[in-house]
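Q: Sending over my_file.tsv (TSV, N, CA and C atoms).
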```tsv
chain	number	residue	atom	x	y	z
A	3	ALA	N	12.19	-8.80	-11.22
A	3	ALA	CA	11.35	-7.81	-10.54
A	3	ALA	C	11.57	-7.87	-9.03
A	4	TYR	N	11.66	-9.08	-8.47
A	4	TYR	CA	11.86	-9.19	-7.03
A	4	TYR	C	13.17	-8.55	-6.59
A	5	ALA	N	14.20	-8.67	-7.42
A	5	ALA	CA	15.49	-8.06	-7.08
A	5	ALA	C	15.37	-6.54	-7.03
A	6	GLN	N	14.58	-5.97	-7.92
A	6	GLN	CA	14.38	-4.51	-7.91
A	6	GLN	C	13.66	-4.07	-6.64
A	7	TYR	N	12.65	-4.82	-6.24
A	7	TYR	CA	11.92	-4.49	-5.01
A	7	TYR	C	12.82	-4.67	-3.79
A	8	ALA	N	13.63	-5.71	-3.80
A	8	ALA	CA	14.56	-5.94	-2.69
A	8	ALA	C	15.55	-4.79	-2.59
A	9	ALA	N	16.04	-4.31	-3.73
A	9	ALA	CA	16.98	-3.19	-3.72
A	9	ALA	C	16.32	-1.92	-3.20
A	10	PHE	N	15.08	-1.66	-3.62
A	10	PHE	CA	14.36	-0.49	-3.11
A	10	PHE	C	14.17	-0.61	-1.60
A	11	SER	N	13.72	-1.77	-1.15
A	11	SER	CA	13.48	-1.98	0.28
A	11	SER	C	14.76	-1.78	1.08
A	12	LYS	N	15.86	-2.29	0.58
A	12	LYS	CA	17.15	-2.15	1.27
A	12	LYS	C	17.53	-0.67	1.37
A	13	ALA	N	17.39	0.07	0.27
A	13	ALA	CA	17.74	1.49	0.28
A	13	ALA	C	16.86	2.28	1.24
A	14	ALA	N	15.56	1.99	1.24
A	14	ALA	CA	14.64	2.70	2.14
A	14	ALA	C	14.92	2.35	3.60
A	15	ARG	N	15.25	1.07	3.86
A	15	ARG	CA	15.58	0.65	5.23
A	15	ARG	C	16.85	1.34	5.70
A	16	GLU	N	17.87	1.35	4.85
A	16	GLU	CA	19.15	1.97	5.22
A	16	GLU	C	19.01	3.48	5.42
A	17	ALA	N	18.07	4.12	4.72
A	17	ALA	CA	17.83	5.56	4.87
A	17	ALA	C	16.97	5.86	6.09
A	18	GLY	N	16.42	4.80	6.71
A	18	GLY	CA	15.61	4.99	7.90
A	18	GLY	C	14.19	5.43	7.65
A	19	VAL	N	13.69	5.31	6.40
A	19	VAL	CA	12.32	5.72	6.11
A	19	VAL	C	11.35	4.53	6.01
A	20	LEU	N	11.85	3.33	5.89
A	20	LEU	CA	10.99	2.15	5.75
A	20	LEU	C	10.45	1.74	7.11
A	21	VAL	N	9.13	1.82	7.26
A	21	VAL	CA	8.47	1.40	8.49
A	21	VAL	C	7.94	-0.02	8.35
A	22	GLY	N	7.42	-0.35	7.18
A	22	GLY	CA	6.89	-1.68	6.94
A	22	GLY	C	6.60	-1.86	5.46
A	23	ALA	N	6.49	-3.11	5.04
A	23	ALA	CA	6.18	-3.43	3.65
A	23	ALA	C	5.82	-4.90	3.57
A	24	ASN	N	4.98	-5.22	2.62
A	24	ASN	CA	4.67	-6.62	2.40
A	24	ASN	C	3.96	-6.78	1.07
A	25	GLU	N	4.16	-7.93	0.46
A	25	GLU	CA	3.43	-8.30	-0.74
A	25	GLU	C	2.09	-8.88	-0.29
A	26	LEU	N	1.04	-8.62	-1.06
A	26	LEU	CA	-0.27	-9.16	-0.74
A	26	LEU	C	-0.58	-10.34	-1.65
A	27	ALA	N	-1.37	-11.27	-1.15
A	27	ALA	CA	-1.83	-12.39	-1.97
A	27	ALA	C	-2.71	-11.83	-3.10
A	28	ALA	N	-2.95	-12.62	-4.10
A	28	ALA	CA	-3.77	-12.20	-5.24
A	28	ALA	C	-5.17	-11.82	-4.79
A	29	SER	N	-5.75	-10.83	-5.48
A	29	SER	CA	-7.10	-10.41	-5.12
A	29	SER	C	-8.11	-11.53	-5.34
A	30	THR	N	-7.78	-12.49	-6.18
A	30	THR	CA	-8.68	-13.64	-6.38
A	30	THR	C	-8.76	-14.49	-5.12
A	31	ASP	N	-7.80	-14.36	-4.22
A	31	ASP	CA	-7.81	-15.09	-2.96
A	31	ASP	C	-8.46	-14.31	-1.83
A	32	ALA	N	-8.99	-13.13	-2.14
A	32	ALA	CA	-9.58	-12.26	-1.12
A	32	ALA	C	-10.90	-12.82	-0.62
A	33	THR	N	-11.27	-12.40	0.56
A	33	THR	CA	-12.58	-12.65	1.12
A	33	THR	C	-13.17	-11.30	1.48
A	34	THR	N	-14.40	-11.06	1.09
A	34	THR	CA	-15.04	-9.77	1.31
A	34	THR	C	-16.15	-9.94	2.35
A	35	VAL	N	-16.19	-9.03	3.31
A	35	VAL	CA	-17.20	-9.07	4.38
A	35	VAL	C	-18.05	-7.80	4.28
A	36	ARG	N	-19.36	-7.99	4.32
A	36	ARG	CA	-20.29	-6.87	4.34
A	36	ARG	C	-21.30	-7.12	5.45
A	37	VAL	N	-21.69	-6.05	6.12
A	37	VAL	CA	-22.75	-6.14	7.12
A	37	VAL	C	-23.88	-5.23	6.65
A	38	ARG	N	-25.04	-5.80	6.42
A	38	ARG	CA	-26.21	-5.05	5.98
A	38	ARG	C	-27.38	-5.41	6.88
A	39	GLU	N	-27.95	-4.38	7.51
A	39	GLU	CA	-29.09	-4.57	8.41
A	39	GLU	C	-28.79	-5.64	9.46
A	40	GLY	N	-27.57	-5.61	9.97
A	40	GLY	CA	-27.17	-6.53	11.03
A	40	GLY	C	-26.79	-7.92	10.57
A	41	GLN	N	-26.89	-8.20	9.29
A	41	GLN	CA	-26.56	-9.52	8.76
A	41	GLN	C	-25.18	-9.49	8.12
A	42	VAL	N	-24.35	-10.45	8.49
A	42	VAL	CA	-23.00	-10.54	7.95
A	42	VAL	C	-23.02	-11.42	6.71
A	43	ALA	N	-22.45	-10.90	5.63
A	43	ALA	CA	-22.33	-11.68	4.40
A	43	ALA	C	-20.85	-11.78	4.06
A	44	VAL	N	-20.38	-13.00	3.89
A	44	VAL	CA	-18.99	-13.26	3.55
A	44	VAL	C	-18.96	-13.91	2.18
A	45	THR	N	-18.20	-13.31	1.27
A	45	THR	CA	-18.10	-13.86	-0.07
A	45	THR	C	-16.64	-14.02	-0.46
A	46	ASP	N	-16.38	-15.00	-1.30
A	46	ASP	CA	-15.03	-15.18	-1.84
A	46	ASP	C	-14.82	-14.17	-2.94
A	47	GLY	N	-13.61	-13.67	-3.03
A	47	GLY	CA	-13.26	-12.76	-4.10
A	47	GLY	C	-13.09	-11.34	-3.63
A	48	PRO	N	-12.61	-10.50	-4.54
A	48	PRO	CA	-12.30	-9.11	-4.19
A	48	PRO	C	-13.55	-8.28	-3.98
A	49	TYR	N	-13.36	-7.12	-3.37
A	49	TYR	CA	-14.44	-6.17	-3.09
A	49	TYR	C	-15.11	-5.71	-4.38
A	50	ALA	N	-14.33	-5.42	-5.40
A	50	ALA	CA	-14.87	-4.92	-6.66
A	50	ALA	C	-14.05	-5.43	-7.82
A	51	GLU	N	-14.70	-5.55	-8.97
A	51	GLU	CA	-13.97	-5.88	-10.19
A	51	GLU	C	-13.12	-4.68	-10.56
A	52	ALA	N	-11.87	-4.91	-10.83
A	52	ALA	CA	-10.99	-3.79	-11.17
A	52	ALA	C	-9.94	-4.25	-12.16
A	53	LYS	N	-9.50	-3.32	-12.99
A	53	LYS	CA	-8.44	-3.62	-13.94
A	53	LYS	C	-7.10	-3.73	-13.22
A	54	GLU	N	-6.93	-2.93	-12.18
A	54	GLU	CA	-5.70	-2.94	-11.41
A	54	GLU	C	-6.00	-3.41	-9.99
A	55	ALA	N	-5.02	-4.03	-9.37
A	55	ALA	CA	-5.21	-4.52	-8.01
A	55	ALA	C	-4.00	-4.15	-7.17
A	56	LEU	N	-4.22	-3.96	-5.91
A	56	LEU	CA	-3.13	-3.65	-4.98
A	56	LEU	C	-2.30	-4.91	-4.78
A	57	GLY	N	-1.02	-4.83	-5.12
A	57	GLY	CA	-0.14	-5.99	-5.03
A	57	GLY	C	0.67	-6.05	-3.76
A	58	GLY	N	0.76	-4.91	-3.07
A	58	GLY	CA	1.53	-4.85	-1.84
A	58	GLY	C	1.55	-3.42	-1.35
A	59	TYR	N	2.32	-3.20	-0.32
A	59	TYR	CA	2.39	-1.85	0.23
A	59	TYR	C	3.76	-1.58	0.82
A	60	TYR	N	4.09	-0.32	0.87
A	60	TYR	CA	5.23	0.19	1.62
A	60	TYR	C	4.69	1.24	2.57
A	61	LEU	N	5.12	1.20	3.80
A	61	LEU	CA	4.81	2.25	4.77
A	61	LEU	C	6.11	2.99	5.02
A	62	LEU	N	6.17	4.24	4.53
A	62	LEU	CA	7.38	5.05	4.63
A	62	LEU	C	7.13	6.21	5.57
A	63	ASP	N	8.10	6.53	6.37
A	63	ASP	CA	8.02	7.67	7.29
A	63	ASP	C	8.94	8.76	6.74
A	64	CYS	N	8.34	9.71	6.04
A	64	CYS	CA	9.09	10.78	5.40
A	64	CYS	C	8.66	12.12	6.00
A	65	PRO	N	9.59	13.06	6.12
A	65	PRO	CA	9.25	14.34	6.74
A	65	PRO	C	8.28	15.19	5.93
A	66	THR	N	8.28	15.04	4.60
A	66	THR	CA	7.39	15.84	3.76
A	66	THR	C	6.81	14.97	2.66
A	67	LEU	N	5.74	15.46	2.05
A	67	LEU	CA	5.16	14.77	0.91
A	67	LEU	C	6.16	14.70	-0.24
A	68	ASP	N	6.90	15.77	-0.46
A	68	ASP	CA	7.90	15.76	-1.53
A	68	ASP	C	8.94	14.67	-1.31
A	69	ASP	N	9.37	14.48	-0.07
A	69	ASP	CA	10.32	13.40	0.23
A	69	ASP	C	9.69	12.05	-0.07
A	70	ALA	N	8.42	11.88	0.33
A	70	ALA	CA	7.72	10.62	0.07
A	70	ALA	C	7.62	10.37	-1.43
A	71	LEU	N	7.29	11.40	-2.20
A	71	LEU	CA	7.16	11.23	-3.64
A	71	LEU	C	8.49	10.88	-4.29
A	72	ASP	N	9.58	11.43	-3.78
A	72	ASP	CA	10.91	11.05	-4.28
A	72	ASP	C	11.16	9.56	-4.07
A	73	TRP	N	10.81	9.06	-2.89
A	73	TRP	CA	10.99	7.63	-2.61
A	73	TRP	C	10.06	6.78	-3.46
A	74	VAL	N	8.82	7.19	-3.57
A	74	VAL	CA	7.83	6.40	-4.31
A	74	VAL	C	8.21	6.30	-5.79
A	75	ALA	N	8.79	7.33	-6.34
A	75	ALA	CA	9.22	7.28	-7.74
A	75	ALA	C	10.27	6.19	-7.98
A	76	ARG	N	10.89	5.72	-6.92
A	76	ARG	CA	11.91	4.67	-7.03
A	76	ARG	C	11.32	3.26	-6.92
A	77	ILE	N	10.05	3.14	-6.58
A	77	ILE	CA	9.40	1.82	-6.49
A	77	ILE	C	9.24	1.28	-7.91
A	78	PRO	N	9.66	0.04	-8.16
A	78	PRO	CA	9.64	-0.49	-9.53
A	78	PRO	C	8.28	-0.39	-10.23
A	79	ALA	N	7.18	-0.55	-9.52
A	79	ALA	CA	5.86	-0.50	-10.16
A	79	ALA	C	5.57	0.85	-10.79
A	80	ALA	N	6.23	1.91	-10.33
A	80	ALA	CA	6.00	3.24	-10.90
A	80	ALA	C	6.45	3.30	-12.36
A	81	GLU	N	7.34	2.40	-12.76
A	81	GLU	CA	7.85	2.40	-14.13
A	81	GLU	C	6.89	1.77	-15.13
A	82	HIS	N	6.00	0.89	-14.68
A	82	HIS	CA	5.11	0.20	-15.61
A	82	HIS	C	3.64	0.25	-15.21
A	83	GLY	N	3.37	0.85	-14.08
A	83	GLY	CA	1.99	0.96	-13.62
A	83	GLY	C	1.82	2.27	-12.88
A	84	ALA	N	1.28	2.19	-11.70
A	84	ALA	CA	1.07	3.39	-10.88
A	84	ALA	C	1.25	3.02	-9.42
A	85	VAL	N	1.67	3.98	-8.63
A	85	VAL	CA	1.80	3.80	-7.19
A	85	VAL	C	0.97	4.89	-6.54
A	86	GLU	N	0.02	4.50	-5.73
A	86	GLU	CA	-0.83	5.44	-5.03
A	86	GLU	C	-0.16	5.84	-3.72
A	87	VAL	N	-0.15	7.13	-3.43
A	87	VAL	CA	0.45	7.65	-2.20
A	87	VAL	C	-0.65	8.19	-1.31
A	88	ARG	N	-0.67	7.73	-0.07
A	88	ARG	CA	-1.63	8.23	0.91
A	88	ARG	C	-0.91	8.48	2.22
A	89	ALA	N	-1.35	9.52	2.90
A	89	ALA	CA	-0.85	9.75	4.25
A	89	ALA	C	-1.61	8.84	5.22
A	90	VAL	N	-0.99	8.51	6.32
A	90	VAL	CA	-1.67	7.78	7.38
A	90	VAL	C	-2.58	8.77	8.09
A	91	HIS	N	-3.81	8.40	8.30
A	91	HIS	CA	-4.77	9.29	8.97
A	91	HIS	C	-4.37	9.46	10.44
A	92	VAL	N	-4.34	10.70	10.86
A	92	VAL	CA	-4.04	11.03	12.25
A	92	VAL	C	-5.18	11.89	12.78
A	93	GLU	N	-5.76	11.46	13.89
A	93	GLU	CA	-6.83	12.25	14.49
A	93	GLU	C	-6.28	13.58	14.99
A	94	ALA	N	-6.99	14.64	14.70
A	94	ALA	CA	-6.58	15.95	15.21
A	94	ALA	C	-6.80	15.98	16.73
A	95	GLU	N	-5.85	16.59	17.40
A	95	GLU	CA	-5.98	16.71	18.85
A	95	GLU	C	-7.07	17.70	19.18
A	96	GLU	N	-7.87	17.36	20.16
A	96	GLU	CA	-8.93	18.28	20.56
A	96	GLU	C	-8.34	19.42	21.37
A	97	ALA	N	-8.82	20.62	21.06
A	97	ALA	CA	-8.29	21.83	21.74
A	97	ALA	C	-8.90	21.98	23.10
```
Once you've parsed the file, please lay out its structure as structure tokens.
A:
Amino acid sequence: AYAQYAAFSKAAREAGVLVGANELAASTDATTVRVREGQVAVTDGPYAEAKEALGGYYLLDCPTLDDALDWVARIPAAEHGAVEVRAVHVEAEEA
């Protein structure tokens, strides 16, 4: 599996669309922070119980959503799970 991810990363880097990527530690190693009524609560573990967990990320710079979807379809996880695609939020310029 790691070889497949390495191959994808290499192809995306060589195409100039890879901005960043990293594997994340297990969600069981997460720490969750909540602030309620000014009180900070820190707990061990993930934010929510989930069947699926985010294992890592790729930040791709593609000219269109269709281009991004073409690249994402090549990520190995798309073959046995799912890959969520989101745009980076950009504040609209004030007129």
Q: If we count only N, CA and C atoms and set the cut-off at 6 Å, which residues sit around Tyr60 in chain A, ignoring sequence neighbours fewer than 3 positions away in its own chain? Please answer as an MDAnalysis selection string.
A: chainID A and resid 22:24
Q: Would you please extract all strand (DSSP E or B) residues from chain A, as assigned by DSSP on the backbone, and give them as a list of chain:residue names?
A: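 Residues meeting the strand (DSSP E or B) criterion: A:Leu20, A:Val21, A:Gly22, A:Ala23, A:Asn24, A:Glu25, A:Thr33, A:Thr34, A:Val35, A:Arg36, A:Val37, A:Arg38, A:Gln41, A:Val42, A:Ala43, A:Val44, A:Thr45, A:Asp46, A:Gly58, A:Tyr59, A:Tyr60, A:Leu61, A:Leu62.
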Q: My list of candidates is A:His91, A:Gly47, A:Val21, A:Leu26. Which is closest to Tyr59 in chain A when distances are computed with all atoms listed in the file?
A: A:Leu26
Q: What are the DSSP alpha helix (DSSP H) residues of range 9-88 of chain A, as a PyMOL selection string?
A: chain A and resi 9-16+67-74
Q: Using Å and a single decimal, report how far CA of Ala27 in chain A sits from CA of Leu62 in chain A.
A: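 Taking CA of Leu62 in chain A as the start and CA of Ala27 in chain A as the end point, the length is 20.8 Å.
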Q: Each side padded by 3 Å, which centre and which edge lengths in Å (one decimal) define the axis-aligned box around the listed atoms of range 14-25 of chain A? Give them as lines of an AutoDock Vina configuration file.
A:
```
center_x = 10.6
center_y = -1.5
center_z = 3.9
size_x = 23.1
size_y = 20.7
size_z = 15.2
```
Q: How many Å separate CA of Glu86 in chain A from CA of Asp69 in chain A?
A: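 Those two atoms sit 14.7 Å apart.
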